[in-house]
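Undergrad: Coordinates in final.pdb, PDB, C-alpha atoms, pLDDT in the B column, are listed below.
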```pdb
ATOM      1  CA  MET E  54       0.000   0.000   0.000  1.00 89.00           C
ATOM      2  CA  LYS E  55       2.888   2.351   0.817  1.00 92.00           C
ATOM      3  CA  HIS E  56       4.003   2.267  -2.803  1.00 95.00           C
ATOM      4  CA  TYR E  57       0.735   3.855  -4.012  1.00 97.00           C
ATOM      5  CA  LEU E  58       0.587   6.700  -1.459  1.00 98.00           C
ATOM      6  CA  HIS E  59       2.289  10.040  -2.021  1.00 98.00           C
ATOM      7  CA  ASP E  60       4.503  11.154   0.876  1.00 98.00           C
ATOM      8  CA  ASP E  61       2.417  14.353   1.211  1.00 98.00           C
ATOM      9  CA  LEU E  62      -0.922  12.494   1.150  1.00 98.00           C
ATOM     10  CA  VAL E  63      -3.894  14.154   2.851  1.00 98.00           C
ATOM     11  CA  ILE E  64      -7.377  12.679   3.167  1.00 98.00           C
ATOM     12  CA  GLN E  65     -10.372  14.737   4.242  1.00 98.00           C
ATOM     13  CA  TRP E  66     -12.866  12.155   5.489  1.00 97.00           C
ATOM     14  CA  HIS E  67     -16.497  12.903   6.286  1.00 97.00           C
ATOM     15  CA  SER E  68     -18.133   9.893   7.904  1.00 91.00           C
ATOM     16  CA  SER E  69     -21.409   9.222   9.672  1.00 85.00           C
ATOM     17  CA  LYS E  70     -19.357   9.601  12.884  1.00 85.00           C
ATOM     18  CA  GLY E  71     -17.725  12.943  12.065  1.00 95.00           C
ATOM     19  CA  TYR E  72     -14.763  14.505  10.265  1.00 97.00           C
ATOM     20  CA  LEU E  73     -11.185  13.220  10.138  1.00 96.00           C
ATOM     21  CA  GLN E  74      -8.099  14.474   8.370  1.00 97.00           C
ATOM     22  CA  LEU E  75      -5.469  11.806   7.763  1.00 97.00           C
ATOM     23  CA  ASP E  76      -1.924  11.879   6.435  1.00 98.00           C
ATOM     24  CA  LYS E  77       0.043   8.971   4.951  1.00 98.00           C
ATOM     25  CA  ASN E  78       1.123   7.583   8.338  1.00 97.00           C
ATOM     26  CA  ASP E  79      -2.427   7.829   9.728  1.00 97.00           C
ATOM     27  CA  LEU E  80      -3.793   5.876   6.757  1.00 96.00           C
ATOM     28  CA  LEU E  81      -1.135   3.175   7.044  1.00 97.00           C
ATOM     29  CA  THR E  82      -1.850   2.854  10.780  1.00 96.00           C
ATOM     30  CA  LEU E  83      -5.589   2.549  10.073  1.00 94.00           C
ATOM     31  CA  ALA E  84      -4.902  -0.183   7.514  1.00 93.00           C
ATOM     32  CA  GLU E  85      -2.747  -2.071  10.036  1.00 95.00           C
ATOM     33  CA  GLU E  86      -5.500  -1.832  12.672  1.00 94.00           C
ATOM     34  CA  LEU E  87      -8.091  -3.174  10.219  1.00 92.00           C
ATOM     35  CA  GLU E  88      -5.786  -6.056   9.339  1.00 92.00           C
ATOM     36  CA  LYS E  89      -5.484  -6.971  13.034  1.00 92.00           C
ATOM     37  CA  SER E  90      -9.237  -6.651  13.681  1.00 93.00           C
ATOM     38  CA  TYR E  91     -10.545  -8.888  10.883  1.00 95.00           C
ATOM     39  CA  SER E  92      -9.505 -12.192   9.354  1.00 93.00           C
ATOM     40  CA  SER E  93      -9.807 -10.670   5.863  1.00 93.00           C
ATOM     41  CA  SER E  94     -11.627  -8.016   3.871  1.00 94.00           C
ATOM     42  CA  SER E  95     -12.764  -7.276   0.339  1.00 95.00           C
ATOM     43  CA  LEU E  96     -14.140  -4.434  -1.735  1.00 96.00           C
ATOM     44  CA  ASP E  97     -17.144  -4.379  -4.035  1.00 98.00           C
ATOM     45  CA  ILE E  98     -16.353  -1.541  -6.443  1.00 98.00           C
ATOM     46  CA  THR E  99     -19.424  -0.353  -8.336  1.00 98.00           C
ATOM     47  CA  HIS E 100     -18.115   2.784 -10.047  1.00 98.00           C
ATOM     48  CA  ILE E 101     -14.758   4.155 -11.205  1.00 98.00           C
ATOM     49  CA  ILE E 102     -14.684   7.466 -13.032  1.00 98.00           C
ATOM     50  CA  SER E 103     -11.463   9.161 -14.091  1.00 98.00           C
ATOM     51  CA  GLU E 104     -10.545  12.359 -15.868  1.00 98.00           C
ATOM     52  CA  ASP E 105      -7.011  13.720 -16.135  1.00 97.00           C
ATOM     53  CA  ASN E 106      -5.451  13.291 -12.670  1.00 98.00           C
ATOM     54  CA  ILE E 107      -8.755  12.801 -10.792  1.00 98.00           C
ATOM     55  CA  VAL E 108     -10.225   9.365  -9.999  1.00 98.00           C
ATOM     56  CA  THR E 109     -13.552   8.783  -8.240  1.00 98.00           C
ATOM     57  CA  VAL E 110     -14.432   5.385  -6.777  1.00 98.00           C
ATOM     58  CA  ARG E 111     -17.672   4.157  -5.189  1.00 98.00           C
ATOM     59  CA  TYR E 112     -17.392   0.927  -3.214  1.00 98.00           C
ATOM     60  CA  THR E 113     -18.501  -1.135  -0.242  1.00 98.00           C
ATOM     61  CA  HIS E 114     -15.851  -2.480   2.111  1.00 97.00           C
ATOM     62  CA  TYR E 115     -16.696  -5.948   3.449  1.00 97.00           C
ATOM     63  CA  VAL E 116     -14.934  -7.578   6.393  1.00 96.00           C
ATOM     64  CA  TYR E 117     -14.769 -11.077   7.811  1.00 95.00           C
ATOM     65  CA  PRO E 118     -14.704 -11.061  11.644  1.00 92.00           C
ATOM     66  CA  ILE E 119     -12.032 -13.150  13.376  1.00 91.00           C
ATOM     67  CA  GLU E 120     -14.720 -14.864  15.448  1.00 91.00           C
ATOM     68  CA  THR E 121     -16.731 -15.863  12.355  1.00 91.00           C
ATOM     69  CA  PRO E 122     -14.300 -15.853   9.408  1.00 88.00           C
ATOM     70  CA  ASN E 123     -16.855 -17.358   7.019  1.00 91.00           C
ATOM     71  CA  GLU E 124     -19.367 -14.574   7.664  1.00 93.00           C
ATOM     72  CA  GLN E 125     -19.029 -11.513   5.465  1.00 95.00           C
ATOM     73  CA  MET E 126     -20.403  -8.215   6.790  1.00 95.00           C
ATOM     74  CA  PRO E 127     -20.395  -4.743   5.244  1.00 96.00           C
ATOM     75  CA  LEU E 128     -18.132  -2.396   7.169  1.00 94.00           C
ATOM     76  CA  ALA E 129     -19.165   0.771   5.298  1.00 96.00           C
ATOM     77  CA  HIS E 130     -20.092   2.299   1.948  1.00 97.00           C
ATOM     78  CA  PHE E 131     -17.602   4.780   0.476  1.00 98.00           C
ATOM     79  CA  VAL E 132     -17.202   7.390  -2.223  1.00 98.00           C
ATOM     80  CA  VAL E 133     -13.704   8.804  -2.620  1.00 98.00           C
ATOM     81  CA  ILE E 134     -12.334  11.383  -5.029  1.00 98.00           C
ATOM     82  CA  TRP E 135      -8.566  11.054  -5.463  1.00 98.00           C
ATOM     83  CA  GLU E 136      -6.175  13.585  -6.896  1.00 98.00           C
ATOM     84  CA  VAL E 137      -3.188  11.719  -8.340  1.00 98.00           C
ATOM     85  CA  LEU E 138       0.299  13.248  -8.342  1.00 98.00           C
ATOM     86  CA  ASP E 139       3.445  11.465  -9.558  1.00 97.00           C
ATOM     87  CA  ASN E 140       1.282   8.363 -10.197  1.00 97.00           C
ATOM     88  CA  LYS E 141       0.405   8.157  -6.489  1.00 98.00           C
ATOM     89  CA  PHE E 142      -2.664   8.991  -4.422  1.00 98.00           C
ATOM     90  CA  TYR E 143      -2.085  12.565  -3.246  1.00 98.00           C
ATOM     91  CA  LYS E 144      -5.293  14.165  -1.990  1.00 98.00           C
ATOM     92  CA  GLY E 145      -8.423  12.248  -1.068  1.00 98.00           C
ATOM     93  CA  TYR E 146     -11.936  13.492  -0.395  1.00 98.00           C
ATOM     94  CA  LEU E 147     -13.814  10.634   1.257  1.00 98.00           C
ATOM     95  CA  MET E 148     -17.407  10.169   2.392  1.00 98.00           C
ATOM     96  CA  SER E 149     -18.589   7.053   4.161  1.00 97.00           C
ATOM     97  CA  GLN E 150     -21.639   5.607   5.834  1.00 95.00           C
ATOM     98  CA  VAL E 151     -21.709   2.582   8.104  1.00 92.00           C
ATOM     99  CA  GLY E 152     -22.976  -0.526   6.297  1.00 79.00           C
TER     100      GLY E 152
END
```
Represent the supplied structure as structure tokens.
TA:
Amino acid sequence: MKHYLHDDLVIQWHSSKGYLQLDKNDLLTLAEELEKSYSSSSLDITHIISEDNIVTVRYTHYVYPIETPNEQMPLAHFVVIWEVLDNKFYKGYLMSQVG
């Protein structure tokens, strides 16, 4: 994941629980915490729209709890708009709602 993130990455995240602003290290820490909390996860991407250096993705993030690894549950629904710089994710504008 590190390879795809710009060193100056910033994400402005509006969720059903409030607003967060994350940098590259925050996002990597969040990914590590998710990896520890679930046996696995997957994405169901329904839309990808790109123009120049802007990419928008709509998806649902599914997780498999450690206690019941065969049971898939939606973690949240997301829409993210990425600005790409130097072929890496640079600025993200994210909205999410609990699944």
Undergrad: Can you give me, as a VMD selection string, the residues this file yields under the PyMOL selection byres ((chain E and resi 152) around 12)?
TA: chain E and resid 68 to 69 112 to 116 125 to 131 149 to 151
Undergrad: To one decimal place in Å, what is the distance between CA of Ile101 (chain E) and CA of Leu83 (chain E)?
TA: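 So the answer is 23.2 Å.
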Undergrad: Given the PyMOL selection byres ((chain E and resi 135) around 12) and the file above, list the residues it selects as a PyMOL selection string.
TA: chain E and resi 57-59+62-66+101-111+132-134+136-138+140-148
Undergrad: What gap, in Å, lies between CA of Asp60 (chain E) and CA of Asp76 (chain E)?
TA: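 Separation between CA of Asp60 (chain E) and CA of Asp76 (chain E): 8.5 Å.
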Undergrad: Just give me the gap between CA of His56 (chain E) and CA of Thr82 (chain E) in Å, one decimal is fine.
TA: 14.8 Å
Undergrad: Run the PyMOL selection byres ((chain E and resi 86-91) around 8) against the file shown and list the residues it catches, as a PyMOL selection string.
TA: chain E and resi 82-85+92-94+116-119
Undergrad: Restricting the calculation to only C-alpha atoms, which member of E:Asp139, E:Glu124, E:Lys55, E:Leu96 is positioned closest to Leu80 (chain E)?
TA: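 The answer is E:Lys55, which sits nearest to Leu80 (chain E).
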Undergrad: What would region 84-134 of chain E look like if you wrote it out as an mmCIF file, in the first residue's frame, with N, CA and C atoms included, from the block I just posted?
TA:
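Listed below is the output, out_22.cif:
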```
data_model
loop_
_atom_site.group_PDB
_atom_site.id
_atom_site.type_symbol
_atom_site.label_atom_id
_atom_site.label_comp_id
_atom_site.auth_asym_id
_atom_site.auth_seq_id
_atom_site.Cartn_x
_atom_site.Cartn_y
_atom_site.Cartn_z
ATOM 1 N N ALA E 84 -4.915 1.078 8.264
ATOM 2 C CA ALA E 84 -4.902 -0.183 7.514
ATOM 3 C C ALA E 84 -4.349 -1.327 8.366
ATOM 4 N N GLU E 85 -3.319 -1.049 9.147
ATOM 5 C CA GLU E 85 -2.747 -2.071 10.036
ATOM 6 C C GLU E 85 -3.758 -2.491 11.109
ATOM 7 N N GLU E 86 -4.493 -1.523 11.661
ATOM 8 C CA GLU E 86 -5.500 -1.832 12.672
ATOM 9 C C GLU E 86 -6.628 -2.680 12.091
ATOM 10 N N LEU E 87 -7.050 -2.370 10.873
ATOM 11 C CA LEU E 87 -8.091 -3.174 10.219
ATOM 12 C C LEU E 87 -7.601 -4.596 9.990
ATOM 13 N N GLU E 88 -6.350 -4.730 9.588
ATOM 14 C CA GLU E 88 -5.786 -6.056 9.339
ATOM 15 C C GLU E 88 -5.761 -6.900 10.610
ATOM 16 N N LYS E 89 -5.508 -6.261 11.756
ATOM 17 C CA LYS E 89 -5.484 -6.971 13.034
ATOM 18 C C LYS E 89 -6.889 -7.305 13.537
ATOM 19 N N SER E 90 -7.885 -6.509 13.144
ATOM 20 C CA SER E 90 -9.237 -6.651 13.681
ATOM 21 C C SER E 90 -10.099 -7.668 12.934
ATOM 22 N N TYR E 91 -9.723 -7.998 11.702
ATOM 23 C CA TYR E 91 -10.545 -8.888 10.883
ATOM 24 C C TYR E 91 -9.670 -9.965 10.251
ATOM 25 N N SER E 92 -10.274 -11.114 9.974
ATOM 26 C CA SER E 92 -9.505 -12.192 9.354
ATOM 27 C C SER E 92 -9.167 -11.867 7.899
ATOM 28 N N SER E 93 -10.061 -11.143 7.225
ATOM 29 C CA SER E 93 -9.807 -10.670 5.863
ATOM 30 C C SER E 93 -10.849 -9.618 5.504
ATOM 31 N N SER E 94 -10.661 -9.019 4.341
ATOM 32 C CA SER E 94 -11.627 -8.016 3.871
ATOM 33 C C SER E 94 -11.632 -8.020 2.352
ATOM 34 N N SER E 95 -12.661 -7.383 1.791
ATOM 35 C CA SER E 95 -12.764 -7.276 0.339
ATOM 36 C C SER E 95 -13.554 -6.026 -0.007
ATOM 37 N N LEU E 96 -13.420 -5.601 -1.248
ATOM 38 C CA LEU E 96 -14.140 -4.434 -1.735
ATOM 39 C C LEU E 96 -15.062 -4.844 -2.872
ATOM 40 N N ASP E 97 -16.238 -4.246 -2.897
ATOM 41 C CA ASP E 97 -17.144 -4.379 -4.035
ATOM 42 C C ASP E 97 -17.199 -3.001 -4.683
ATOM 43 N N ILE E 98 -16.424 -2.825 -5.742
ATOM 44 C CA ILE E 98 -16.353 -1.541 -6.443
ATOM 45 C C ILE E 98 -17.469 -1.501 -7.481
ATOM 46 N N THR E 99 -18.309 -0.472 -7.398
ATOM 47 C CA THR E 99 -19.424 -0.353 -8.336
ATOM 48 C C THR E 99 -19.205 0.727 -9.395
ATOM 49 N N HIS E 100 -18.371 1.711 -9.094
ATOM 50 C CA HIS E 100 -18.115 2.784 -10.047
ATOM 51 C C HIS E 100 -16.666 3.248 -9.952
ATOM 52 N N ILE E 101 -16.051 3.489 -11.111
ATOM 53 C CA ILE E 101 -14.758 4.155 -11.205
ATOM 54 C C ILE E 101 -14.869 5.150 -12.346
ATOM 55 N N ILE E 102 -14.622 6.406 -12.029
ATOM 56 C CA ILE E 102 -14.684 7.466 -13.032
ATOM 57 C C ILE E 102 -13.372 8.229 -12.965
ATOM 58 N N SER E 103 -12.726 8.425 -14.106
ATOM 59 C CA SER E 103 -11.463 9.161 -14.091
ATOM 60 C C SER E 103 -11.444 10.207 -15.200
ATOM 61 N N GLU E 104 -10.754 11.291 -14.893
ATOM 62 C CA GLU E 104 -10.545 12.359 -15.868
ATOM 63 C C GLU E 104 -9.261 13.078 -15.483
ATOM 64 N N ASP E 105 -8.323 13.121 -16.389
ATOM 65 C CA ASP E 105 -7.011 13.720 -16.135
ATOM 66 C C ASP E 105 -6.386 13.074 -14.901
ATOM 67 N N ASN E 106 -6.105 13.847 -13.860
ATOM 68 C CA ASN E 106 -5.451 13.291 -12.670
ATOM 69 C C ASN E 106 -6.431 13.098 -11.508
ATOM 70 N N ILE E 107 -7.719 12.998 -11.810
ATOM 71 C CA ILE E 107 -8.755 12.801 -10.792
ATOM 72 C C ILE E 107 -9.436 11.449 -11.021
ATOM 73 N N VAL E 108 -9.559 10.662 -9.934
ATOM 74 C CA VAL E 108 -10.225 9.365 -9.999
ATOM 75 C C VAL E 108 -11.253 9.303 -8.873
ATOM 76 N N THR E 109 -12.480 8.932 -9.226
ATOM 77 C CA THR E 109 -13.552 8.783 -8.240
ATOM 78 C C THR E 109 -13.957 7.318 -8.185
ATOM 79 N N VAL E 110 -14.092 6.793 -6.956
ATOM 80 C CA VAL E 110 -14.432 5.385 -6.777
ATOM 81 C C VAL E 110 -15.579 5.281 -5.773
ATOM 82 N N ARG E 111 -16.571 4.472 -6.109
ATOM 83 C CA ARG E 111 -17.672 4.157 -5.189
ATOM 84 C C ARG E 111 -17.572 2.671 -4.881
ATOM 85 N N TYR E 112 -17.568 2.325 -3.578
ATOM 86 C CA TYR E 112 -17.392 0.927 -3.214
ATOM 87 C C TYR E 112 -17.960 0.635 -1.829
ATOM 88 N N THR E 113 -18.144 -0.651 -1.571
ATOM 89 C CA THR E 113 -18.501 -1.135 -0.242
ATOM 90 C C THR E 113 -17.346 -1.982 0.254
ATOM 91 N N HIS E 114 -16.947 -1.729 1.491
ATOM 92 C CA HIS E 114 -15.851 -2.480 2.111
ATOM 93 C C HIS E 114 -16.476 -3.556 2.992
ATOM 94 N N TYR E 115 -16.198 -4.810 2.682
ATOM 95 C CA TYR E 115 -16.696 -5.948 3.449
ATOM 96 C C TYR E 115 -15.569 -6.512 4.309
ATOM 97 N N VAL E 116 -15.917 -6.968 5.500
ATOM 98 C CA VAL E 116 -14.934 -7.578 6.393
ATOM 99 C C VAL E 116 -15.437 -8.941 6.851
ATOM 100 N N TYR E 117 -14.479 -9.756 7.274
ATOM 101 C CA TYR E 117 -14.769 -11.077 7.811
ATOM 102 C C TYR E 117 -14.244 -11.093 9.246
ATOM 103 N N PRO E 118 -15.139 -11.096 10.240
ATOM 104 C CA PRO E 118 -14.704 -11.061 11.644
ATOM 105 C C PRO E 118 -13.846 -12.269 12.003
ATOM 106 N N ILE E 119 -12.910 -12.068 12.912
ATOM 107 C CA ILE E 119 -12.032 -13.150 13.376
ATOM 108 C C ILE E 119 -12.857 -14.267 14.014
ATOM 109 N N GLU E 120 -13.897 -13.878 14.752
ATOM 110 C CA GLU E 120 -14.720 -14.864 15.448
ATOM 111 C C GLU E 120 -15.537 -15.727 14.485
ATOM 112 N N THR E 121 -15.941 -15.138 13.359
ATOM 113 C CA THR E 121 -16.731 -15.863 12.355
ATOM 114 C C THR E 121 -16.149 -15.583 10.966
ATOM 115 N N PRO E 122 -15.012 -16.181 10.643
ATOM 116 C CA PRO E 122 -14.300 -15.853 9.408
ATOM 117 C C PRO E 122 -15.028 -16.229 8.119
ATOM 118 N N ASN E 123 -16.086 -17.008 8.214
ATOM 119 C CA ASN E 123 -16.855 -17.358 7.019
ATOM 120 C C ASN E 123 -18.053 -16.437 6.822
ATOM 121 N N GLU E 124 -18.222 -15.480 7.717
ATOM 122 C CA GLU E 124 -19.367 -14.574 7.664
ATOM 123 C C GLU E 124 -18.931 -13.185 7.213
ATOM 124 N N GLN E 125 -19.357 -12.816 6.022
ATOM 125 C CA GLN E 125 -19.029 -11.513 5.465
ATOM 126 C C GLN E 125 -20.018 -10.476 5.977
ATOM 127 N N MET E 126 -19.505 -9.287 6.378
ATOM 128 C CA MET E 126 -20.403 -8.215 6.790
ATOM 129 C C MET E 126 -19.903 -6.897 6.210
ATOM 130 N N PRO E 127 -20.833 -6.032 5.785
ATOM 131 C CA PRO E 127 -20.395 -4.743 5.244
ATOM 132 C C PRO E 127 -19.881 -3.847 6.372
ATOM 133 N N LEU E 128 -18.696 -3.325 6.203
ATOM 134 C CA LEU E 128 -18.132 -2.396 7.169
ATOM 135 C C LEU E 128 -18.692 -0.997 6.921
ATOM 136 N N ALA E 129 -18.657 -0.557 5.650
ATOM 137 C CA ALA E 129 -19.165 0.771 5.298
ATOM 138 C C ALA E 129 -19.235 0.907 3.776
ATOM 139 N N HIS E 130 -19.986 1.918 3.355
ATOM 140 C CA HIS E 130 -20.092 2.299 1.948
ATOM 141 C C HIS E 130 -19.275 3.581 1.766
ATOM 142 N N PHE E 131 -18.521 3.673 0.671
ATOM 143 C CA PHE E 131 -17.602 4.780 0.476
ATOM 144 C C PHE E 131 -17.737 5.396 -0.909
ATOM 145 N N VAL E 132 -17.468 6.688 -0.978
ATOM 146 C CA VAL E 132 -17.202 7.390 -2.223
ATOM 147 C C VAL E 132 -15.963 8.224 -1.957
ATOM 148 N N VAL E 133 -14.942 8.049 -2.790
ATOM 149 C CA VAL E 133 -13.704 8.804 -2.620
ATOM 150 C C VAL E 133 -13.313 9.432 -3.952
ATOM 151 N N ILE E 134 -12.879 10.674 -3.878
ATOM 152 C CA ILE E 134 -12.334 11.383 -5.029
ATOM 153 C C ILE E 134 -10.843 11.549 -4.759
#
```
